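> Quick one: the structure is below, questions incoming.
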Amino acid sequence: MKIKDGTVNNNSKALLSVNNLKTYFYIDRKAVKAVDGIDFNINRNEILGIVGESGSGKSVTALSILRLLPSAPSCIISGKVYYNNGNLLGLNEKQMQRIRGAEISMIFQEPATSLNPVLTIGKQIAESIQFHQKINKEETSKKVLEMLNLVKIPDPYRRIKEYPHEMSGGMKQRVMIAMALSCNPSLLIADEPTTALDVVTQKQILYLIKELQMKLGTSVIFITHNFGVIAKIADRVMVMYAGKILEQASVKDIFQRPGHPYTLSLLKSIPRLDVSKRGRLKAIPGSLPDPMDKIEGCLFHPRCEFATDICRIKNPEPIKTGNQQYVRCWMYYKKEEVYFKNTIKRY
Ligand SMILES: Nc1ncnc2c1ncn2[C@@H]1O[C@H](COP(=O)(O)OP(=O)(O)O)[C@@H](O)[C@H]1O
Ligand SMILES: [Mg+2]
């Protein structure tokens, strides 16, 4: 498909297609490579999970798509984010405002900080509806109630007049979801939306998002550091580490045969609700690299129990290991390919 800015989108089936996205922050003339050349698609009607430890670049990926980061020179975003017929990174701020909320909307980890404490929740949902849709007051009120019912807020006639501080964390997150879905977006980005909630509420919100996704056909990017949450909600998953994608696969495949050693470590550290509190979680040894440091070879090699010589020299490209599975690991290259790539790098 030919895009307005003259480039070609090779995957026009996808709802959103991210090509070689890089987001660097500049601090004291040094670059923090928060997102470093990632490629992925989100298909229609799909929940794509993004999983990785804190600091791996998940939120910056989401904020780059919606262009909600500081502007240059402190932050430079490059690459392409194709949505419908255009590259979002080529739009001006006014055009971008029409996309945010109406086409792609986002919910965050902490609903309390995203809601205005001095406005009733009814008013806030109404404002988000009227920002994008030209409808009268009466229709707006009807729509607000409809949205509160949709996200299963009990007694919506009473709740509509409440202020955020009168609601529990779970109810506030429901309000955020109602606001995010009020203009019927094609894509919802949920950034750790259940992390601040207790376990029972967490489960309810997950089921709500899944149910609404099926009912409305919205695609969802669901960001979390917890693989257990991915298992409950996502269709496909990508694993991020230090600004790069180390593995992409369907959720079924990643649990049955995880490809990357990092994925394996994340899976081993899933918090289990059914295990006694005395049992300790298996932590991944070491920590994420400092994003300002340059690491030769595979970014994960200092923490990888399978690392060999090649891993310390050259970063592997993703290799297809299954139907929808791509892994960035030398383990899946044949010996002669490894030798060949190694030779190119050195000579
Ligand atoms: N506004 C910013 N300025 C400078 N560095 C940032 C900024 N936002 C994020 N970072 C850095 O980018 C990296 C990725 O952050 P983030 O995407 O928030 O991680 P995650 O959401 O996976 O926990 C981190 O090293 C973080 O410190
Ligand atoms: Mg984050």
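Naming works like this for the structure tokens: A, B, ... for the chains as they're shown, residue 1 at the start of each chain, ligands 1 onward in shown order.
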Using only C-alpha atoms and all ligand atoms, which protein or nucleic acid residues are at most 10 Å from ligand 1, as a PDB file with C-alpha atoms, in the first residue's frame?

```pdb
ATOM      1  CA  THR A  23      13.208   6.683  20.681  1.00  0.00           C
ATOM      2  CA  TYR A  24      16.329   8.202  22.172  1.00  0.00           C
ATOM      3  CA  PHE A  25      16.489  10.653  25.058  1.00  0.00           C
ATOM      4  CA  TYR A  26      19.483  12.950  25.174  1.00  0.00           C
ATOM      5  CA  ILE A  27      20.892  13.688  28.610  1.00  0.00           C
ATOM      6  CA  ALA A  31      21.779   9.021  24.317  1.00  0.00           C
ATOM      7  CA  VAL A  32      19.454   6.872  26.403  1.00  0.00           C
ATOM      8  CA  LYS A  33      18.246   4.374  23.812  1.00  0.00           C
ATOM      9  CA  ALA A  34      14.861   3.703  25.429  1.00  0.00           C
ATOM     10  CA  VAL A  35      13.491   2.062  22.277  1.00  0.00           C
ATOM     11  CA  ILE A  50       4.137  -6.362  25.673  1.00  0.00           C
ATOM     12  CA  VAL A  51       6.073  -7.863  28.553  1.00  0.00           C
ATOM     13  CA  GLY A  52       9.453  -7.063  30.105  1.00  0.00           C
ATOM     14  CA  GLU A  53      11.094  -5.889  33.310  1.00  0.00           C
ATOM     15  CA  SER A  54      10.702  -2.330  34.487  1.00  0.00           C
ATOM     16  CA  GLY A  55      12.826   0.005  32.331  1.00  0.00           C
ATOM     17  CA  SER A  56      12.798  -2.194  29.220  1.00  0.00           C
ATOM     18  CA  GLY A  57      11.047   0.410  27.033  1.00  0.00           C
ATOM     19  CA  LYS A  58       7.411  -0.691  27.140  1.00  0.00           C
ATOM     20  CA  SER A  59       5.876   2.641  28.148  1.00  0.00           C
ATOM     21  CA  VAL A  60       8.144   4.623  25.855  1.00  0.00           C
ATOM     22  CA  THR A  61       6.981   2.409  22.956  1.00  0.00           C
ATOM     23  CA  ALA A  62       3.340   3.278  23.748  1.00  0.00           C
ATOM     24  CA  LEU A  63       4.044   6.965  24.292  1.00  0.00           C
ATOM     25  CA  SER A  64       6.027   7.130  21.032  1.00  0.00           C
ATOM     26  CA  LEU A  68       3.186  11.909  24.029  1.00  0.00           C
ATOM     27  CA  LEU A  69       6.881  12.417  24.747  1.00  0.00           C
ATOM     28  CA  PRO A  70       8.933  15.638  25.050  1.00  0.00           C
ATOM     29  CA  SER A  74      15.821  16.118  24.274  1.00  0.00           C
ATOM     30  CA  CYS A  75      13.875  13.290  22.661  1.00  0.00           C
ATOM     31  CA  ASP A 191      -0.111   0.441  30.163  1.00  0.00           C
ATOM     32  CA  GLU A 192       0.032  -1.741  33.299  1.00  0.00           C
ATOM     33  CA  ILE A 223       1.595  -3.722  28.639  1.00  0.00           C
ATOM     34  CA  THR A 224       2.678  -5.586  31.770  1.00  0.00           C
ATOM     35  CA  HIS A 225       5.779  -6.850  33.599  1.00  0.00           C
ATOM     36  CA  MET A 240      11.106  -6.409  25.386  1.00  0.00           C
ATOM     37  CA  TYR A 241      14.546  -6.009  26.874  1.00  0.00           C
ATOM     38  CA  ALA A 242      16.691  -2.861  26.927  1.00  0.00           C
ATOM     39  CA  GLY A 243      14.741  -1.235  24.093  1.00  0.00           C
ATOM     40  CA  LEU A 288      18.877  -4.494  33.011  1.00  0.00           C
ATOM     41  CA  PRO A 289      21.921  -2.795  31.469  1.00  0.00           C
ATOM     42  CA  ASP A 290      22.336   0.940  31.986  1.00  0.00           C
ATOM     43  CA  PRO A 291      20.756   2.368  28.820  1.00  0.00           C
ATOM     44  CA  MET A 292      23.724   4.723  28.412  1.00  0.00           C
TER      45      MET A 292
END
```
> Which residues are near Phe306 of chain A? Cut-off 9 Å, only C-alpha atoms, ignore same chain within fewer than 2 positions. Put them as number ranges by chain.
A: 261, 301, 304, 308, 331
> From a backbone DSSP assignment, name each residue in segment 15-184 of chain A labelled strand (DSSP E), as number ranges by chain.
A: 16-27, 30-42, 47-51, 75-83, 86-87, 104-107
> Put those residues in a file: C-alpha atoms, as a PDB file, in the first residue's frame.

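Output file selection_19.pdb follows:
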```
ATOM      1  CA  LEU A  16      -0.940  -0.596  13.152  1.00  0.00           C
ATOM      2  CA  SER A  17       2.500  -1.348  11.846  1.00  0.00           C
ATOM      3  CA  VAL A  18       5.643  -0.173  13.622  1.00  0.00           C
ATOM      4  CA  ASN A  19       8.845  -0.133  11.557  1.00  0.00           C
ATOM      5  CA  ASN A  20      12.307   0.427  12.997  1.00  0.00           C
ATOM      6  CA  LEU A  21      11.008   2.656  15.785  1.00  0.00           C
ATOM      7  CA  LYS A  22      13.768   4.342  17.764  1.00  0.00           C
ATOM      8  CA  THR A  23      13.208   6.683  20.681  1.00  0.00           C
ATOM      9  CA  TYR A  24      16.329   8.202  22.172  1.00  0.00           C
ATOM     10  CA  PHE A  25      16.489  10.653  25.058  1.00  0.00           C
ATOM     11  CA  TYR A  26      19.483  12.950  25.174  1.00  0.00           C
ATOM     12  CA  ILE A  27      20.892  13.688  28.610  1.00  0.00           C
ATOM     13  CA  LYS A  30      24.584  11.065  25.839  1.00  0.00           C
ATOM     14  CA  ALA A  31      21.779   9.021  24.317  1.00  0.00           C
ATOM     15  CA  VAL A  32      19.454   6.872  26.403  1.00  0.00           C
ATOM     16  CA  LYS A  33      18.246   4.374  23.812  1.00  0.00           C
ATOM     17  CA  ALA A  34      14.861   3.703  25.429  1.00  0.00           C
ATOM     18  CA  VAL A  35      13.491   2.062  22.277  1.00  0.00           C
ATOM     19  CA  ASP A  36      16.095   0.889  19.825  1.00  0.00           C
ATOM     20  CA  GLY A  37      14.816  -0.223  16.444  1.00  0.00           C
ATOM     21  CA  ILE A  38      11.691  -2.271  17.038  1.00  0.00           C
ATOM     22  CA  ASP A  39       9.328  -3.767  14.433  1.00  0.00           C
ATOM     23  CA  PHE A  40       5.891  -5.164  15.140  1.00  0.00           C
ATOM     24  CA  ASN A  41       2.305  -5.217  13.926  1.00  0.00           C
ATOM     25  CA  ILE A  42      -0.983  -5.210  15.695  1.00  0.00           C
ATOM     26  CA  ILE A  47      -4.755  -8.336  22.038  1.00  0.00           C
ATOM     27  CA  LEU A  48      -1.002  -7.947  21.782  1.00  0.00           C
ATOM     28  CA  GLY A  49       0.853  -8.171  25.078  1.00  0.00           C
ATOM     29  CA  ILE A  50       4.137  -6.362  25.673  1.00  0.00           C
ATOM     30  CA  VAL A  51       6.073  -7.863  28.553  1.00  0.00           C
ATOM     31  CA  CYS A  75      13.875  13.290  22.661  1.00  0.00           C
ATOM     32  CA  ILE A  76      14.162  12.063  19.086  1.00  0.00           C
ATOM     33  CA  ILE A  77      11.770   9.528  17.617  1.00  0.00           C
ATOM     34  CA  SER A  78      12.524   7.943  14.253  1.00  0.00           C
ATOM     35  CA  GLY A  79      11.103   5.127  12.150  1.00  0.00           C
ATOM     36  CA  LYS A  80       7.527   4.699  10.942  1.00  0.00           C
ATOM     37  CA  VAL A  81       4.234   4.021  12.704  1.00  0.00           C
ATOM     38  CA  TYR A  82       1.677   3.208  10.020  1.00  0.00           C
ATOM     39  CA  TYR A  83      -1.945   3.574  10.986  1.00  0.00           C
ATOM     40  CA  GLY A  86      -0.560   7.379   7.118  1.00  0.00           C
ATOM     41  CA  ASN A  87       2.588   7.469   9.159  1.00  0.00           C
ATOM     42  CA  ILE A 104      -6.118   5.265  19.522  1.00  0.00           C
ATOM     43  CA  SER A 105      -6.654   5.769  23.220  1.00  0.00           C
ATOM     44  CA  MET A 106      -4.624   4.907  26.268  1.00  0.00           C
ATOM     45  CA  ILE A 107      -5.127   3.971  29.899  1.00  0.00           C
TER      46      ILE A 107
END
```
> What's around Val229 of chain A at 10 Å? Count only C-alpha atoms, leave out sequence neighbours fewer than 2 positions away in its own chain, and write the answer as number ranges by chain.
A: 49, 51, 192, 194-195, 202-203, 206, 222-227, 231-234, 270-271
> For atom CA of Val151 of chain A and atom CA of Gly122 of chain A, quote the distance in Å rounded to one decimal.
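Value for the atom CA of Val151 of chain A-atom CA of Gly122 of chain A distance: 13.5 Å.
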> In Å, with one decimal, what is the gap from atom CA of Met176 of chain A to atom CA of Arg98 of chain A?
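Separation of atom CA of Met176 of chain A and atom CA of Arg98 of chain A: 18.8 Å.
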> Quick one: of A:Leu246, A:Leu212, A:Ala307, A:Ala190, who's nearest to ligand 2, counting only C-alpha atoms and all ligand atoms?
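Of all the options, A:Ala190 lies closest to ligand 2.
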> Identify, on the basis of only C-alpha atoms, every residue whose closest approach to Leu181 of chain A does not exceed 12 Å; exclude the query and any residue fewer than 4 positions from it along the same chain; express the result as number ranges by chain.
A: 100-107, 125, 128-129, 132, 143-144, 146-148, 150-151, 174-177, 185-190, 209, 212-213, 215-220
> Hey, can you check how far atom CA of Pro318 of chain A sits from atom CA of Asp235 of chain A?
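We find that atom CA of Pro318 of chain A and atom CA of Asp235 of chain A lie 20.2 Å from each other.
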> Using backbone DSSP assignments, extract all helix (DSSP H, G or I) residues from segment 144-261 of chain A; output them as an mmCIF file with N, CA and C atoms, in the first residue's frame.

```cif
data_model
loop_
_atom_site.group_PDB
_atom_site.id
_atom_site.type_symbol
_atom_site.label_atom_id
_atom_site.label_comp_id
_atom_site.auth_asym_id
_atom_site.auth_seq_id
_atom_site.Cartn_x
_atom_site.Cartn_y
_atom_site.Cartn_z
ATOM 1 N N VAL A 144 -22.858 8.929 28.361
ATOM 2 C CA VAL A 144 -22.096 8.751 29.604
ATOM 3 C C VAL A 144 -22.670 7.565 30.388
ATOM 4 N N LEU A 145 -23.985 7.525 30.518
ATOM 5 C CA LEU A 145 -24.620 6.419 31.241
ATOM 6 C C LEU A 145 -24.375 5.082 30.534
ATOM 7 N N GLU A 146 -24.460 5.137 29.235
ATOM 8 C CA GLU A 146 -24.219 3.928 28.433
ATOM 9 C C GLU A 146 -22.802 3.402 28.702
ATOM 10 N N MET A 147 -21.834 4.326 28.754
ATOM 11 C CA MET A 147 -20.446 3.912 28.981
ATOM 12 C C MET A 147 -20.269 3.342 30.387
ATOM 13 N N LEU A 148 -20.919 3.982 31.391
ATOM 14 C CA LEU A 148 -20.796 3.467 32.767
ATOM 15 C C LEU A 148 -21.405 2.077 32.877
ATOM 16 N N ASN A 149 -22.498 1.857 32.167
ATOM 17 C CA ASN A 149 -23.100 0.516 32.154
ATOM 18 C C ASN A 149 -22.179 -0.476 31.470
ATOM 19 N N LEU A 150 -21.571 -0.020 30.387
ATOM 20 C CA LEU A 150 -20.678 -0.896 29.621
ATOM 21 C C LEU A 150 -19.528 -1.408 30.488
ATOM 22 N N PRO A 156 -25.137 3.581 38.205
ATOM 23 C CA PRO A 156 -24.480 4.678 37.457
ATOM 24 C C PRO A 156 -25.128 6.048 37.659
ATOM 25 N N TYR A 157 -26.457 6.091 37.929
ATOM 26 C CA TYR A 157 -27.113 7.393 38.131
ATOM 27 C C TYR A 157 -26.517 8.124 39.325
ATOM 28 N N ARG A 158 -26.174 7.351 40.359
ATOM 29 C CA ARG A 158 -25.576 7.974 41.543
ATOM 30 C C ARG A 158 -24.091 8.267 41.293
ATOM 31 N N ARG A 159 -23.418 7.293 40.686
ATOM 32 C CA ARG A 159 -21.972 7.392 40.488
ATOM 33 C C ARG A 159 -21.569 8.581 39.613
ATOM 34 N N PRO A 164 -13.640 11.637 41.910
ATOM 35 C CA PRO A 164 -12.725 10.484 41.927
ATOM 36 C C PRO A 164 -12.376 9.987 43.338
ATOM 37 N N HIS A 165 -12.193 10.919 44.329
ATOM 38 C CA HIS A 165 -11.763 10.450 45.657
ATOM 39 C C HIS A 165 -12.837 9.611 46.354
ATOM 40 N N GLU A 166 -14.055 9.654 45.849
ATOM 41 C CA GLU A 166 -15.127 8.854 46.465
ATOM 42 C C GLU A 166 -15.157 7.426 45.916
ATOM 43 N N GLY A 169 -10.004 2.193 43.781
ATOM 44 C CA GLY A 169 -9.069 2.117 42.648
ATOM 45 C C GLY A 169 -9.668 1.387 41.458
ATOM 46 N N GLY A 170 -10.366 0.282 41.731
ATOM 47 C CA GLY A 170 -10.967 -0.512 40.654
ATOM 48 C C GLY A 170 -12.029 0.278 39.912
ATOM 49 N N MET A 171 -12.867 1.020 40.672
ATOM 50 C CA MET A 171 -13.931 1.826 40.042
ATOM 51 C C MET A 171 -13.320 2.946 39.195
ATOM 52 N N LYS A 172 -12.237 3.551 39.725
ATOM 53 C CA LYS A 172 -11.574 4.617 38.955
ATOM 54 C C LYS A 172 -11.006 4.060 37.652
ATOM 55 N N GLN A 173 -10.454 2.851 37.736
ATOM 56 C CA GLN A 173 -9.903 2.281 36.497
ATOM 57 C C GLN A 173 -11.035 1.981 35.509
ATOM 58 N N ARG A 174 -12.203 1.605 36.017
ATOM 59 C CA ARG A 174 -13.359 1.400 35.134
ATOM 60 C C ARG A 174 -13.752 2.715 34.460
ATOM 61 N N VAL A 175 -13.683 3.807 35.230
ATOM 62 C CA VAL A 175 -14.003 5.118 34.652
ATOM 63 C C VAL A 175 -13.006 5.450 33.526
ATOM 64 N N MET A 176 -11.723 5.161 33.794
ATOM 65 C CA MET A 176 -10.702 5.434 32.771
ATOM 66 C C MET A 176 -10.983 4.621 31.499
ATOM 67 N N ILE A 177 -11.392 3.375 31.687
ATOM 68 C CA ILE A 177 -11.685 2.524 30.535
ATOM 69 C C ILE A 177 -12.894 3.098 29.784
ATOM 70 N N ALA A 178 -13.901 3.548 30.554
ATOM 71 C CA ALA A 178 -15.088 4.152 29.918
ATOM 72 C C ALA A 178 -14.683 5.366 29.093
ATOM 73 N N MET A 179 -13.805 6.210 29.656
ATOM 74 C CA MET A 179 -13.356 7.393 28.916
ATOM 75 C C MET A 179 -12.580 6.990 27.665
ATOM 76 N N ALA A 180 -11.702 6.013 27.838
ATOM 77 C CA ALA A 180 -10.856 5.595 26.710
ATOM 78 C C ALA A 180 -11.688 5.006 25.570
ATOM 79 N N LEU A 181 -12.799 4.334 25.923
ATOM 80 C CA LEU A 181 -13.586 3.670 24.872
ATOM 81 C C LEU A 181 -14.755 4.527 24.385
ATOM 82 N N VAL A 199 -5.348 -8.025 44.043
ATOM 83 C CA VAL A 199 -5.430 -9.183 43.150
ATOM 84 C C VAL A 199 -6.845 -9.450 42.625
ATOM 85 N N VAL A 200 -7.839 -9.317 43.500
ATOM 86 C CA VAL A 200 -9.214 -9.611 43.081
ATOM 87 C C VAL A 200 -9.680 -8.583 42.046
ATOM 88 N N THR A 201 -9.420 -7.304 42.322
ATOM 89 C CA THR A 201 -9.824 -6.241 41.402
ATOM 90 C C THR A 201 -9.060 -6.374 40.081
ATOM 91 N N GLN A 202 -7.785 -6.755 40.206
ATOM 92 C CA GLN A 202 -6.944 -6.960 39.033
ATOM 93 C C GLN A 202 -7.608 -7.929 38.048
ATOM 94 N N LYS A 203 -8.075 -9.042 38.606
ATOM 95 C CA LYS A 203 -8.727 -10.074 37.800
ATOM 96 C C LYS A 203 -9.985 -9.529 37.136
ATOM 97 N N GLN A 204 -10.785 -8.786 37.911
ATOM 98 C CA GLN A 204 -12.046 -8.241 37.368
ATOM 99 C C GLN A 204 -11.768 -7.292 36.208
ATOM 100 N N ILE A 205 -10.741 -6.455 36.360
ATOM 101 C CA ILE A 205 -10.435 -5.478 35.298
ATOM 102 C C ILE A 205 -9.913 -6.199 34.041
ATOM 103 N N LEU A 206 -9.107 -7.242 34.256
ATOM 104 C CA LEU A 206 -8.609 -8.015 33.116
ATOM 105 C C LEU A 206 -9.770 -8.622 32.331
ATOM 106 N N TYR A 207 -10.704 -9.246 33.072
ATOM 107 C CA TYR A 207 -11.856 -9.863 32.401
ATOM 108 C C TYR A 207 -12.693 -8.804 31.691
ATOM 109 N N LEU A 208 -12.817 -7.636 32.321
ATOM 110 C CA LEU A 208 -13.599 -6.563 31.703
ATOM 111 C C LEU A 208 -12.963 -6.138 30.365
ATOM 112 N N ILE A 209 -11.647 -5.948 30.372
ATOM 113 C CA ILE A 209 -10.974 -5.515 29.130
ATOM 114 C C ILE A 209 -11.146 -6.579 28.047
ATOM 115 N N LYS A 210 -10.967 -7.825 28.436
ATOM 116 C CA LYS A 210 -11.106 -8.925 27.470
ATOM 117 C C LYS A 210 -12.540 -8.973 26.905
ATOM 118 N N GLU A 211 -13.511 -8.852 27.807
ATOM 119 C CA GLU A 211 -14.918 -8.910 27.395
ATOM 120 C C GLU A 211 -15.253 -7.758 26.443
ATOM 121 N N LEU A 212 -14.780 -6.548 26.795
ATOM 122 C CA LEU A 212 -15.076 -5.390 25.956
ATOM 123 C C LEU A 212 -14.381 -5.502 24.602
ATOM 124 N N GLN A 213 -13.171 -6.046 24.628
ATOM 125 C CA GLN A 213 -12.434 -6.211 23.365
ATOM 126 C C GLN A 213 -13.210 -7.131 22.430
ATOM 127 N N MET A 214 -13.775 -8.202 22.985
ATOM 128 C CA MET A 214 -14.518 -9.147 22.142
ATOM 129 C C MET A 214 -15.825 -8.522 21.663
ATOM 130 N N LYS A 215 -16.468 -7.775 22.539
ATOM 131 C CA LYS A 215 -17.763 -7.166 22.224
ATOM 132 C C LYS A 215 -17.610 -6.053 21.180
ATOM 133 N N LEU A 216 -16.584 -5.206 21.358
ATOM 134 C CA LEU A 216 -16.458 -4.025 20.501
ATOM 135 C C LEU A 216 -15.507 -4.227 19.320
ATOM 136 N N PHE A 227 4.074 -12.015 33.319
ATOM 137 C CA PHE A 227 3.667 -12.992 32.306
ATOM 138 C C PHE A 227 2.344 -13.679 32.652
ATOM 139 N N GLY A 228 2.029 -13.741 33.960
ATOM 140 C CA GLY A 228 0.767 -14.352 34.386
ATOM 141 C C GLY A 228 -0.415 -13.587 33.812
ATOM 142 N N VAL A 229 -0.292 -12.276 33.747
ATOM 143 C CA VAL A 229 -1.346 -11.423 33.191
ATOM 144 C C VAL A 229 -1.457 -11.650 31.677
ATOM 145 N N ILE A 230 -0.318 -11.826 31.033
ATOM 146 C CA ILE A 230 -0.300 -12.104 29.584
ATOM 147 C C ILE A 230 -1.098 -13.376 29.287
ATOM 148 N N ALA A 231 -0.889 -14.393 30.128
ATOM 149 C CA ALA A 231 -1.570 -15.674 29.910
ATOM 150 C C ALA A 231 -3.075 -15.501 29.945
ATOM 151 N N LYS A 232 -3.545 -14.601 30.806
ATOM 152 C CA LYS A 232 -4.989 -14.430 30.966
ATOM 153 C C LYS A 232 -5.608 -13.621 29.836
ATOM 154 N N ILE A 233 -4.841 -12.695 29.257
ATOM 155 C CA ILE A 233 -5.506 -11.736 28.380
ATOM 156 C C ILE A 233 -5.064 -11.723 26.917
ATOM 157 N N VAL A 251 0.624 -16.482 22.349
ATOM 158 C CA VAL A 251 0.708 -16.778 23.781
ATOM 159 C C VAL A 251 0.811 -18.290 24.013
ATOM 160 N N LYS A 252 0.072 -19.039 23.203
ATOM 161 C CA LYS A 252 0.104 -20.498 23.339
ATOM 162 C C LYS A 252 1.543 -21.011 23.138
ATOM 163 N N ASP A 253 2.182 -20.551 22.064
ATOM 164 C CA ASP A 253 3.539 -21.027 21.761
ATOM 165 C C ASP A 253 4.546 -20.602 22.829
ATOM 166 N N ILE A 254 4.406 -19.368 23.293
ATOM 167 C CA ILE A 254 5.447 -18.871 24.220
ATOM 168 C C ILE A 254 5.405 -19.636 25.539
ATOM 169 N N PHE A 255 4.224 -20.088 25.942
ATOM 170 C CA PHE A 255 4.152 -20.877 27.172
ATOM 171 C C PHE A 255 4.589 -22.323 26.928
ATOM 172 N N GLN A 256 4.275 -22.839 25.727
ATOM 173 C CA GLN A 256 4.623 -24.238 25.443
ATOM 174 C C GLN A 256 6.101 -24.404 25.122
ATOM 175 N N PRO A 261 16.191 -17.268 26.087
ATOM 176 C CA PRO A 261 16.513 -17.510 27.499
ATOM 177 C C PRO A 261 15.903 -16.448 28.427
#
```
> Ranking A:Ile65, A:Ile153, A:Ala112, A:Ala72 by minimum distance to Leu197 of chain A and counting only C-alpha atoms, which one comes first?
A:Ala112
> Could you check which of A:Gln95, A:Lys123, A:Glu139, A:Gln109 is closest to ligand 2, using only C-alpha atoms and all ligand atoms?
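When distances to ligand 2 are compared using only C-alpha atoms and all ligand atoms, the smallest one comes from A:Gln109.
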> Between A:Ser287, A:Leu264, A:Glu46, A:Leu119, which has the minimum distance to Val237 of chain A (counting only C-alpha atoms)?
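That would be A:Glu46, the residue with the smallest distance to Val237 of chain A.
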> Restricting the calculation to only C-alpha atoms and all ligand atoms: of A:Gly297, A:Pro302, A:Pro193, A:Pro316, which residue gets closest to ligand 2?
A:Pro193
